[in-house]
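coords-v1.txt follows; it contains compact mmCIF, C-alpha atoms and all ligand atoms.
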# COMPACT_ATOMS: atom_id res chain seq x y z
CA MET S 220 18.12 36.08 -20.88
CA VAL S 221 18.86 36.58 -17.19
CA ALA S 222 20.20 33.45 -15.50
CA ALA S 223 18.87 32.40 -12.13
CA ALA S 224 21.10 33.70 -9.39
CA SER S 225 20.87 30.68 -7.13
CA LYS S 226 23.31 27.85 -7.59
CA CYS S 227 23.07 24.12 -6.97
CA ARG S 228 24.43 23.16 -3.56
CA THR S 229 26.28 20.19 -5.03
CA CYS S 230 27.71 21.36 -8.37
CA ARG S 231 27.28 25.18 -8.31
CA GLY S 232 25.47 24.98 -11.65
CA PRO S 233 22.24 26.96 -12.15
CA ALA S 234 19.52 25.78 -9.74
CA ILE S 235 16.00 24.82 -10.80
CA ILE S 236 14.49 24.64 -7.34
CA ASP S 237 14.95 26.21 -3.93
CA LEU S 238 14.29 24.04 -0.90
CA PRO S 239 14.19 26.29 2.16
CA ARG S 240 13.85 23.31 4.52
CA HIS S 241 17.27 22.08 3.38
CA ASN S 242 18.51 25.64 3.16
CA ALA S 243 19.67 24.72 -0.33
CA ASN S 244 19.04 24.98 -4.06
CA PHE S 245 19.55 22.18 -6.54
CA CYS S 246 20.01 21.66 -10.27
CA ALA S 247 17.84 18.98 -11.90
CA GLU S 248 20.41 16.23 -11.57
CA HIS S 249 21.20 16.85 -7.93
CA PHE S 250 17.58 17.46 -7.01
CA ILE S 251 16.77 13.98 -8.33
CA GLU S 252 19.72 12.61 -6.40
CA MET S 253 18.47 14.27 -3.19
CA CYS S 254 14.95 12.79 -3.65
CA ARG S 255 16.36 9.33 -4.31
CA ARG S 256 18.48 9.61 -1.16
CA GLN S 257 15.42 10.52 0.93
CA VAL S 258 13.43 7.58 -0.42
CA VAL S 259 16.29 5.12 0.04
CA LYS S 260 16.66 6.41 3.60
CA ALA S 261 12.94 5.97 4.37
CA ILE S 262 12.92 2.46 2.90
CA ALA S 263 15.97 1.47 4.97
CA GLN S 264 15.01 3.25 8.21
CA PHE S 265 11.58 1.64 8.38
CA ALA S 266 12.49 -1.67 6.71
CA MET S 267 9.87 -1.03 4.03
CA LEU S 268 11.07 -3.18 1.16
CA GLY S 269 13.55 -5.91 0.41
CA PRO S 270 15.01 -6.90 -2.96
CA ASP S 271 12.74 -9.95 -3.24
CA ASP S 272 9.48 -8.21 -2.45
CA ARG S 273 6.72 -8.26 -5.04
CA VAL S 274 5.36 -4.75 -4.86
CA LEU S 275 1.94 -3.41 -5.81
CA VAL S 276 1.68 0.38 -6.11
CA ALA S 277 -1.69 2.07 -5.63
CA VAL S 278 -1.80 4.39 -8.64
CA SER S 279 -4.19 7.31 -9.07
CA GLY S 280 -2.66 9.16 -12.02
CA GLY S 281 -1.64 12.02 -9.70
CA LYS S 282 1.90 13.15 -8.95
CA ASP S 283 2.60 11.13 -5.81
CA SER S 284 1.61 7.68 -6.98
CA LEU S 285 3.37 8.08 -10.33
CA ALA S 286 6.46 9.50 -8.61
CA VAL S 287 6.68 6.62 -6.15
CA TRP S 288 6.18 4.03 -8.89
CA ASP S 289 8.87 5.70 -11.00
CA MET S 290 11.29 5.84 -8.04
CA LEU S 291 10.82 2.20 -7.11
CA ILE S 292 11.42 1.05 -10.68
CA ASP S 293 14.40 3.38 -10.87
CA LEU S 294 15.77 1.82 -7.66
CA GLY S 295 15.42 -1.66 -9.16
CA TYR S 296 12.33 -2.99 -7.40
CA GLN S 297 9.77 -5.09 -9.21
CA ALA S 298 6.57 -3.13 -8.94
CA ASP S 299 3.21 -3.42 -10.68
CA GLY S 300 0.50 -0.75 -10.44
CA LEU S 301 -3.18 -0.89 -9.57
CA TYR S 302 -5.61 1.74 -10.77
CA VAL S 303 -9.15 1.87 -9.39
CA GLY S 304 -11.74 3.60 -11.58
CA LEU S 305 -13.82 5.51 -9.03
CA GLY S 306 -16.42 6.85 -11.47
CA ILE S 307 -15.90 10.48 -10.47
CA GLY S 308 -16.97 11.88 -13.87
CA ASP S 309 -14.32 13.38 -16.16
CA TYR S 310 -11.84 13.41 -13.32
CA SER S 311 -11.69 9.61 -13.28
CA GLU S 312 -11.61 9.36 -17.07
CA THR S 313 -8.63 11.69 -17.20
CA SER S 314 -6.75 10.23 -14.25
CA GLY S 315 -7.03 6.71 -15.69
CA GLY S 316 -5.51 8.02 -18.92
CA TYR S 317 -2.46 9.36 -17.09
CA ALA S 318 -1.95 6.09 -15.21
CA ARG S 319 -2.24 3.99 -18.39
CA ARG S 320 0.06 6.21 -20.43
CA PHE S 321 2.69 6.10 -17.69
CA ALA S 322 2.58 2.30 -17.59
CA ILE S 323 2.56 1.80 -21.37
CA GLU S 324 5.44 4.21 -22.00
CA ARG S 325 7.60 2.34 -19.50
CA GLY S 326 6.43 -1.19 -20.26
CA LEU S 327 5.02 -1.63 -16.73
CA ARG S 328 2.09 -3.76 -15.68
CA LEU S 329 -1.02 -1.86 -14.57
CA LEU S 330 -3.91 -3.80 -13.07
CA GLU S 331 -7.32 -2.16 -13.17
CA VAL S 332 -10.54 -2.39 -11.22
CA ASP S 333 -13.58 -0.38 -12.22
CA LEU S 334 -16.16 0.31 -9.54
CA ARG S 335 -19.06 0.77 -11.96
CA ASP S 336 -18.22 -2.26 -14.12
CA ASP S 337 -17.09 -4.59 -11.36
CA TYR S 338 -19.28 -3.59 -8.42
CA GLY S 339 -22.20 -1.68 -9.96
CA PHE S 340 -21.66 1.72 -8.32
CA ASP S 341 -19.35 4.75 -8.26
CA VAL S 342 -18.05 7.11 -5.57
CA PRO S 343 -20.63 9.91 -6.03
CA THR S 344 -23.44 7.35 -5.79
CA ALA S 345 -21.82 5.64 -2.81
CA ALA S 346 -21.55 8.97 -1.02
CA ALA S 347 -25.20 9.81 -1.66
CA ALA S 348 -26.53 6.34 -0.87
CA SER S 349 -24.55 5.88 2.33
CA ARG S 350 -24.88 9.52 3.41
CA ARG S 351 -21.18 9.56 4.06
CA ALA S 352 -18.84 12.28 2.87
CA PRO S 353 -17.42 11.39 -0.59
CA CYS S 354 -13.84 11.01 0.65
CA SER S 355 -14.98 8.67 3.38
CA SER S 356 -16.72 6.17 1.06
CA CYS S 357 -13.95 6.65 -1.47
CA GLY S 358 -11.21 5.96 1.07
CA LEU S 359 -12.99 2.88 2.38
CA THR S 360 -13.43 1.58 -1.17
CA LYS S 361 -9.84 2.17 -2.19
CA ARG S 362 -8.41 0.59 0.96
CA HIS S 363 -10.56 -2.50 0.46
CA LEU S 364 -9.76 -2.91 -3.24
CA PHE S 365 -6.03 -2.25 -2.85
CA ASP S 366 -5.78 -4.75 0.02
CA LYS S 367 -7.75 -7.33 -1.91
CA ALA S 368 -5.71 -6.94 -5.09
CA ALA S 369 -2.46 -7.20 -3.13
CA VAL S 370 -3.53 -10.36 -1.29
CA ASP S 371 -5.18 -12.00 -4.33
CA GLY S 372 -2.23 -11.18 -6.58
CA GLY S 373 0.36 -12.62 -4.18
CA TYR S 374 2.08 -9.26 -3.68
CA THR S 375 4.16 -9.01 -0.50
CA VAL S 376 3.87 -5.24 -0.07
CA LEU S 377 1.33 -2.56 -0.96
CA VAL S 378 2.90 0.85 -1.63
CA THR S 379 1.01 4.13 -1.48
CA GLY S 380 2.21 7.58 -2.53
CA HIS S 381 1.50 9.36 0.77
CA ASN S 382 4.05 12.16 1.17
CA LEU S 383 5.29 14.24 4.08
CA ASP S 384 2.49 16.81 3.69
CA ASP S 385 -0.19 14.09 3.70
CA GLU S 386 1.22 12.50 6.83
CA ALA S 387 1.78 15.82 8.60
CA ALA S 388 -1.80 16.89 7.84
CA VAL S 389 -3.25 13.62 9.15
CA LEU S 390 -1.03 13.87 12.22
CA PHE S 391 -2.19 17.44 12.77
CA GLY S 392 -5.83 16.33 12.67
CA ASN S 393 -5.23 13.36 14.95
CA THR S 394 -3.34 15.58 17.39
CA LEU S 395 -6.04 18.25 17.44
CA ARG S 396 -8.39 15.53 18.65
CA TRP S 397 -5.76 13.59 20.64
CA ASP S 398 -7.06 10.57 18.83
CA VAL S 399 -4.82 7.93 20.40
CA GLU S 400 -6.30 5.14 18.32
CA TYR S 401 -5.33 6.81 15.04
CA LEU S 402 -2.08 8.23 16.41
CA ALA S 403 -0.95 4.76 17.45
CA ARG S 404 -1.44 3.49 13.91
CA GLN S 405 0.00 6.45 12.00
CA LEU S 406 3.24 4.82 10.93
CA PRO S 407 5.08 4.74 7.59
CA VAL S 408 4.91 0.93 7.71
CA LEU S 409 2.04 -1.32 8.75
CA GLU S 410 3.08 -4.93 8.94
CA ALA S 411 0.88 -7.60 7.36
CA ARG S 412 -1.66 -8.90 9.88
CA HIS S 413 -5.10 -10.48 10.08
CA GLY S 414 -5.14 -11.03 6.32
CA PHE S 415 -4.17 -7.42 5.51
CA PRO S 416 -1.07 -6.94 3.33
CA LYS S 417 2.02 -5.07 4.54
CA LYS S 418 1.59 -1.37 3.65
CA VAL S 419 4.37 1.14 3.22
CA LYS S 420 4.79 4.83 2.35
CA PRO S 421 8.22 5.42 0.80
CA LEU S 422 7.59 9.15 0.16
CA VAL S 423 7.18 10.22 3.80
CA ARG S 424 10.48 12.10 3.71
CA LEU S 425 9.50 14.17 0.63
CA THR S 426 7.11 17.11 0.53
CA GLU S 427 4.39 17.50 -2.09
CA ARG S 428 6.35 20.27 -3.70
CA GLU S 429 9.25 17.86 -4.07
CA THR S 430 7.20 14.96 -5.49
CA ALA S 431 5.59 17.34 -8.00
CA ALA S 432 9.04 18.66 -8.96
CA TRP S 433 10.28 15.06 -9.33
CA CYS S 434 7.53 14.46 -11.90
CA ILE S 435 8.27 17.66 -13.80
CA VAL S 436 12.02 17.01 -13.93
CA ARG S 437 11.55 13.36 -14.90
CA GLY S 438 9.04 14.28 -17.61
CA ILE S 439 6.14 12.47 -15.95
CA ASP S 440 2.80 13.75 -17.13
CA TYR S 441 0.34 13.62 -14.26
CA LEU S 442 -3.13 14.89 -13.50
CA VAL S 443 -2.72 18.36 -11.98
CA ASP S 444 -6.41 19.10 -11.58
CA GLU S 445 -7.92 18.46 -8.20
CA CYS S 446 -10.65 15.87 -7.59
CA PRO S 447 -13.97 17.75 -7.73
CA MET S 448 -15.05 16.13 -4.47
CA ALA S 449 -12.00 17.25 -2.47
CA SER S 450 -13.05 20.83 -1.80
CA GLY S 451 -13.98 21.41 1.80
CA ASN S 452 -11.84 18.44 2.77
CA ARG S 453 -10.38 19.00 6.21
CA HIS S 454 -6.98 17.70 5.18
CA LEU S 455 -6.68 20.51 2.68
CA SER S 456 -7.19 23.16 5.35
CA TYR S 457 -4.67 21.44 7.64
CA LYS S 458 -2.17 21.45 4.79
CA GLU S 459 -2.69 25.17 4.32
CA VAL S 460 -2.12 25.83 8.00
CA LEU S 461 1.04 23.74 8.01
CA ASN S 462 2.36 25.44 4.87
CA THR S 463 1.81 28.85 6.45
CA ILE S 464 3.95 27.73 9.38
CA GLU S 465 6.47 26.14 6.99
CA ALA S 466 6.83 29.38 5.02
CA SER S 467 7.95 31.31 8.08
CA SER S 468 9.76 28.40 9.72
CA PRO S 469 11.17 26.03 7.08
CA GLY S 470 11.53 22.41 8.19
CA SER S 471 8.54 22.53 10.56
CA LYS S 472 6.51 19.90 8.69
CA ALA S 473 9.40 17.48 8.59
CA SER S 474 10.18 17.85 12.28
CA PHE S 475 6.50 17.67 13.25
CA TYR S 476 5.98 14.36 11.47
CA LEU S 477 9.40 12.69 11.50
CA ASN S 478 10.01 13.49 15.18
CA PHE S 479 6.56 12.10 15.97
CA VAL S 480 7.58 8.86 14.29
CA ASP S 481 10.93 8.78 16.12
CA ASN S 482 9.94 10.07 19.54
CA MET S 483 6.20 9.63 20.08
CA ALA S 484 5.19 6.59 18.08
CA PRO S 485 7.33 4.22 20.22
CA LEU S 486 5.43 5.43 23.31
CA LEU S 487 2.15 4.53 21.64
CA VAL S 488 2.99 0.92 20.84
CA GLY S 489 0.23 -1.34 22.11
CA LYS S 490 -2.14 1.59 22.69
CA SER S 491 -4.28 0.84 19.63
CA LEU S 492 -7.44 -1.01 20.59
CA SER S 493 -7.58 -2.61 17.16
CA ASP S 494 -4.38 -4.54 17.95
CA GLY S 495 -6.32 -6.78 20.27
CA LEU S 496 -9.42 -7.12 18.10
CA GLN S 497 -10.44 -10.52 16.86
CA LEU S 498 -11.08 -10.35 13.12
CA SER S 499 -12.85 -12.95 11.08
CA GLY S 500 -13.51 -13.30 7.36
CA CYS S 501 -16.44 -11.34 5.84
CA SER S 502 -19.18 -13.85 5.12
CA ASN S 503 -19.56 -12.37 1.66
CA CYS S 504 -16.05 -11.61 0.38
CA GLY S 505 -13.70 -13.11 2.96
CA ALA S 506 -11.97 -9.82 3.81
CA PRO S 507 -10.92 -9.39 7.46
CA THR S 508 -13.63 -7.65 9.49
CA THR S 509 -14.92 -7.25 13.04
CA GLY S 510 -18.54 -7.92 12.03
CA SER S 511 -19.98 -10.67 9.90
CA VAL S 512 -20.12 -8.58 6.73
CA CYS S 513 -17.30 -6.08 5.99
CA SER S 514 -18.00 -2.37 5.52
CA PHE S 515 -17.13 -2.52 1.83
CA CYS S 516 -19.73 -5.23 1.18
CA HIS S 517 -22.25 -3.11 3.13
CA LEU S 518 -21.40 -0.18 0.90
CA VAL S 519 -21.73 -2.28 -2.28
CA GLU S 520 -25.15 -3.40 -1.18
CA THR S 521 -26.41 0.11 -0.38
CA ALA S 522 -24.80 1.87 -3.33
CA SER S 523 -25.39 -0.61 -6.16
CA SER S 524 -29.15 -0.52 -5.62
CA HIS S 525 -29.20 3.30 -5.57
CA VAL S 526 -29.94 5.31 -8.73
CA PRO S 527 -26.64 6.62 -10.15
CA VAL S 528 -25.83 10.11 -8.84
CA PRO S 529 -23.87 12.42 -11.17
CA VAL S 530 -20.70 13.87 -9.69
CA GLU S 531 -21.87 17.47 -10.30
CA LEU S 532 -24.62 17.05 -7.76
CA LEU S 533 -22.21 16.30 -4.95
CA ALA S 534 -19.20 18.31 -6.04
CA LYS S 535 -21.17 21.56 -5.68
CA LYS S 536 -21.82 20.87 -2.05
CA GLY S 537 -18.08 20.67 -1.58
CA ARG S 538 -18.09 18.49 1.45
CA GLY S 539 -15.14 16.28 2.10
CA SER S 540 -14.05 14.50 5.21
CA ARG S 541 -11.01 13.31 7.05
CA MET E 168 4.31 37.84 -19.19
CA ARG E 169 1.53 35.35 -19.55
CA VAL E 170 0.76 33.44 -16.36
CA LEU E 171 -1.20 30.21 -16.30
CA LEU E 172 -2.94 29.36 -13.03
CA ARG E 173 -4.62 26.04 -12.21
CA ASN E 174 -7.61 24.77 -10.24
CA PRO E 175 -9.50 26.31 -11.92
CA ARG E 176 -7.43 26.73 -15.06
CA ARG E 177 -7.09 30.39 -16.07
CA GLU E 178 -4.61 32.81 -17.62
CA ILE E 179 -3.62 36.28 -16.55
CA GLU E 180 -1.28 38.87 -18.05
CA VAL E 181 1.28 40.40 -15.69
CA ALA E 182 3.12 43.51 -16.84
CA GLY E 183 6.87 44.01 -16.44
CA SER E 184 9.47 41.64 -15.05
CA CYS E 185 10.00 40.44 -11.49
CA PRO E 186 11.54 37.59 -9.51
CA VAL E 187 9.50 34.41 -9.01
CA HIS E 188 8.95 34.96 -5.28
CA ALA E 189 7.67 38.49 -5.93
CA LEU E 190 5.13 37.18 -8.43
CA LEU E 191 3.94 34.58 -5.91
CA SER E 192 3.53 37.12 -3.13
CA ARG E 193 1.81 39.54 -5.49
CA LEU E 194 -0.74 36.81 -6.22
CA GLU E 195 -0.85 35.90 -2.50
CA LEU E 196 0.33 32.35 -3.18
CA ASN E 197 2.39 30.38 -0.67
CA ARG E 198 5.72 29.31 -2.17
CA GLU E 199 5.57 26.07 -0.20
CA SER E 200 2.45 24.99 -2.09
CA HIS E 201 3.46 26.02 -5.62
CA LEU E 202 6.07 25.38 -8.27
CA VAL E 203 6.86 27.84 -11.02
CA ILE E 204 7.63 26.70 -14.54
CA ARG E 205 9.06 29.24 -16.98
CA ASN E 206 8.99 28.39 -20.69
CA GLY E 207 8.76 24.70 -19.80
CA THR E 208 11.49 24.58 -17.13
CA LEU E 209 11.29 24.71 -13.33
CA VAL E 210 12.78 27.87 -11.84
CA PRO E 211 13.78 28.73 -8.25
CA GLY E 212 12.37 31.63 -6.22
CA ASP E 213 15.02 34.16 -7.17
CA ALA E 214 14.83 33.54 -10.93
CA GLN E 215 13.93 36.69 -12.85
CA LEU E 216 10.75 36.44 -14.90
CA LEU E 217 10.82 38.60 -18.00
CA GLU E 218 8.37 40.32 -20.28
CA GLY E 219 7.29 37.75 -22.88
CA ASP E 220 7.88 34.71 -20.65
CA ILE E 221 5.25 32.01 -20.47
CA VAL E 222 4.87 31.14 -16.83
CA GLU E 223 2.89 28.37 -15.19
CA ILE E 224 2.19 28.48 -11.48
CA ARG E 225 1.43 24.93 -10.52
CA PRO E 226 -0.24 24.16 -7.20
CA VAL E 227 1.15 21.00 -5.62
CA ILE E 228 -1.37 20.38 -2.86
CA SER E 229 -3.78 17.51 -3.31
CA GLY E 230 -6.64 16.58 -1.05
CA GLY E 231 -8.44 13.37 -0.28
CA ALA E 232 -8.20 10.40 2.02
S1 LIG F 1 -10.51 13.68 -3.03
FE1 LIG F 1 -11.84 12.29 -1.88
S2 LIG F 1 -13.34 11.59 -3.37
FE2 LIG F 1 -11.66 12.48 -4.54
S3 LIG F 1 -10.33 10.75 -5.04
FE3 LIG F 1 -9.54 11.65 -3.14
S4 LIG F 1 -10.55 10.50 -1.51
FE4 LIG F 1 -11.69 10.07 -3.39
ZN ZN F 2 23.92 20.24 -9.33
ZN ZN F 3 -16.87 -8.16 2.40

Just give me the structure as structure tokens.
Ligand code: SF4
Ligand SMILES: [Zn+2]
Ligand SMILES: [Zn+2]
Amino acid sequence: MVAAASKCRTCRGPAIIDLPRHNANFCAEHFIEMCRRQVVKAIAQFAMLGPDDRVLVAVSGGKDSLAVWDMLIDLGYQADGLYVGLGIGDYSETSGGYARRFAIERGLRLLEVDLRDDYGFDVPTAAAASRRAPCSSCGLTKRHLFDKAAVDGGYTVLVTGHNLDDEAAVLFGNTLRWDVEYLARQLPVLEARHGFPKKVKPLVRLTERETAAWCIVRGIDYLVDECPMASGNRHLSYKEVLNTIEASSPGSKASFYLNFVDNMAPLLVGKSLSDGLQLSGCSNCGAPTTGSVCSFCHLVETASSHVPVPVELLAKKGRGSR
Amino acid sequence: MRVLLRNPRREIEVAGSCPVHALLSRLELNRESHLVIRNGTLVPGDAQLLEGDIVEIRPVISGGA
């Protein structure tokens, strides 16, 4: 057996991972310690969470949401999970299994909403009925249901598993279009307002490679397979571009995103048109909206009267969206 | 060595031994978007993969909104 040559930066023991952006290698123990430090730093820097917060974590069964839930519990926060069954064929069946197993094994509370059972439609059908790209109806649905569950359940903060790569890819897209509206709102913390819960992203200082490694080292079983509707998604191609840059210039993703947050975001305060919008309650569900009926209720109406569309029909087209 | 690839799930046989980073470049995979697991344990880029090892190359990029 040939031992790995690289040694842990902290203890000089055999390394399990190389992190070029830190110009360092780590053993399992000190890798976990490094991740924890990054999350604690993000939580403190952006005033994400306090000890008395009641936290709801949006859980998909993938690496990021399970990693962030695990980290918050590990750091002593009280955090429940919410899983939304999106009805994306086998993918949803399997992802729900991972989320449930994680919660049961750790004695955590997992709330569940099922689109088909509770609202009479699923994401493939919503995409077909509304003629929107799957990720667009899916994103709208998840945002609405996570917000609603957080507000209804009396949670003070909604946590999502967005990592550094997610945020850098979104920033890249917003920058390519100089979309000031989106740029002005692309922050790791959105304070509660207009009936929306406070939303935070504790993983913004960790890359996807690091959150996946966290899961492997901590023995968290997560769904590795990709959502069948993701292919063609623009975010994925932005991530590839950024990782090509990262490979030749380690640390680029972190400086692109984290320096945006430090240096650019303050200049954009007050530039979002939505800050000044008057929102009222949706006449159907009460959720904050600019119109009389919110876009989720519109979607429910269109999609629940549509004949169910099997995921295979849409997945083959491979069209995603922002 | 036997190498398991994901999305879609498939297995290939790679002859001989080589370091992790060499295997990734041979398969034209970016090291920033993959982790390598040898016989159940994560290994860094300069770890030597040997004949008979069971290797999983796990992509870490996920898409979606
Ligand atoms: S990839 Fe798109 S459709 Fe699939 S879960 Fe993510 S947002 Fe929804
Ligand atoms: Zn160490
Ligand atoms: Zn509504």

Exercise. Can you tell me which residues sit at most 10 Å away from ligand ZN 3 (chain F), counting only C-alpha atoms and all ligand atoms, written as number ranges by chain?
Worked result: S: 363, 500-508, 510-519

Problem set entry | Nearest candidate to chain S (options E:Arg193, E:Arg205, E:His188, E:Arg198; using all atoms listed in the file) |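 Checking each of E:Arg193, E:Arg205, E:His188, E:Arg198 against chain S, counting all atoms listed in the file, the winner is E:Arg198.
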
For this session: May I have the residues within 8 Å of ligand ZN 2 (chain F), computed using only C-alpha atoms and all ligand atoms, as a ChimeraX atom specification?
Result: /S:226-234,245-250

I need the residues from that last selection saved to file as a tab-separated table (two decimals), in the coordinates of the input (with C-alpha atoms), if you can.
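So selection.tsv came out as:
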chain	number	residue	atom	x	y	z
S	226	LYS	CA	23.31	27.85	-7.59
S	227	CYS	CA	23.07	24.12	-6.97
S	228	ARG	CA	24.43	23.16	-3.56
S	229	THR	CA	26.28	20.19	-5.03
S	230	CYS	CA	27.71	21.36	-8.37
S	231	ARG	CA	27.28	25.18	-8.31
S	232	GLY	CA	25.47	24.98	-11.65
S	233	PRO	CA	22.24	26.96	-12.15
S	234	ALA	CA	19.52	25.78	-9.74
S	245	PHE	CA	19.55	22.18	-6.54
S	246	CYS	CA	20.01	21.66	-10.27
S	247	ALA	CA	17.84	18.98	-11.90
S	248	GLU	CA	20.41	16.23	-11.57
S	249	HIS	CA	21.20	16.85	-7.93
S	250	PHE	CA	17.58	17.46	-7.01

For this session: Determine the nearest neighbour of chain S from the options E:Pro175, E:Pro211, E:Pro186, E:Gly219, counting all atoms listed in the file.
Result: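 Among E:Pro175, E:Pro211, E:Pro186, E:Gly219, it is E:Pro211 that comes nearest to chain S.
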
Problem set entry | Exercise answer, 9 Å around ligand LIG 1 (chain F) with only C-alpha atoms and all ligand atoms, as a PyMOL selection string | (chain S and resi 279+305+307+310-311+342-343+346+352-361+445-450+452+539-540) or (chain E and resi 229-232)

Seminar exercise, completed: From atom CA of Ala277 of chain S to atom CA of Gly300 of chain S the spacing works out at 6.0 Å

If you keep N, CA and C atoms, can you output segment 172-184 of chain E as an mmCIF file, in the first residue's frame?
data_model
loop_
_atom_site.group_PDB
_atom_site.id
_atom_site.type_symbol
_atom_site.label_atom_id
_atom_site.label_comp_id
_atom_site.auth_asym_id
_atom_site.auth_seq_id
_atom_site.Cartn_x
_atom_site.Cartn_y
_atom_site.Cartn_z
ATOM 1 N N LEU E 172 -17.967 5.726 -12.484
ATOM 2 C CA LEU E 172 -18.300 7.104 -12.858
ATOM 3 C C LEU E 172 -19.801 7.306 -12.667
ATOM 4 N N ARG E 173 -20.221 8.546 -12.424
ATOM 5 C CA ARG E 173 -21.632 8.815 -12.159
ATOM 6 C C ARG E 173 -22.230 9.755 -13.201
ATOM 7 N N ASN E 174 -23.561 9.793 -13.187
ATOM 8 C CA ASN E 174 -24.310 10.724 -14.057
ATOM 9 C C ASN E 174 -23.911 10.658 -15.527
ATOM 10 N N PRO E 175 -24.220 9.632 -16.250
ATOM 11 C CA PRO E 175 -24.866 8.399 -15.812
ATOM 12 C C PRO E 175 -23.872 7.442 -15.152
ATOM 13 N N ARG E 176 -24.426 6.540 -14.357
ATOM 14 C CA ARG E 176 -23.615 5.584 -13.618
ATOM 15 C C ARG E 176 -23.013 4.557 -14.575
ATOM 16 N N ARG E 177 -21.679 4.410 -14.556
ATOM 17 C CA ARG E 177 -21.036 3.415 -15.398
ATOM 18 C C ARG E 177 -19.676 3.040 -14.806
ATOM 19 N N GLU E 178 -19.149 1.901 -15.261
ATOM 20 C CA GLU E 178 -17.869 1.437 -14.721
ATOM 21 C C GLU E 178 -16.875 1.225 -15.841
ATOM 22 N N ILE E 179 -15.647 1.637 -15.629
ATOM 23 C CA ILE E 179 -14.622 1.351 -16.618
ATOM 24 C C ILE E 179 -13.427 0.701 -15.926
ATOM 25 N N GLU E 180 -12.618 -0.005 -16.705
ATOM 26 C CA GLU E 180 -11.428 -0.661 -16.166
ATOM 27 C C GLU E 180 -10.222 0.143 -16.657
ATOM 28 N N VAL E 181 -9.363 0.574 -15.740
ATOM 29 C CA VAL E 181 -8.176 1.317 -16.151
ATOM 30 C C VAL E 181 -6.957 0.484 -15.773
ATOM 31 N N ALA E 182 -6.086 0.254 -16.738
ATOM 32 C CA ALA E 182 -4.924 -0.609 -16.489
ATOM 33 C C ALA E 182 -3.816 0.165 -15.775
ATOM 34 N N GLY E 183 -3.029 -0.544 -14.981
ATOM 35 C CA GLY E 183 -1.855 0.042 -14.346
ATOM 36 C C GLY E 183 -2.181 0.868 -13.121
ATOM 37 N N SER E 184 -1.196 1.609 -12.635
ATOM 38 C CA SER E 184 -1.405 2.472 -11.479
ATOM 39 C C SER E 184 -0.990 3.889 -11.851
#
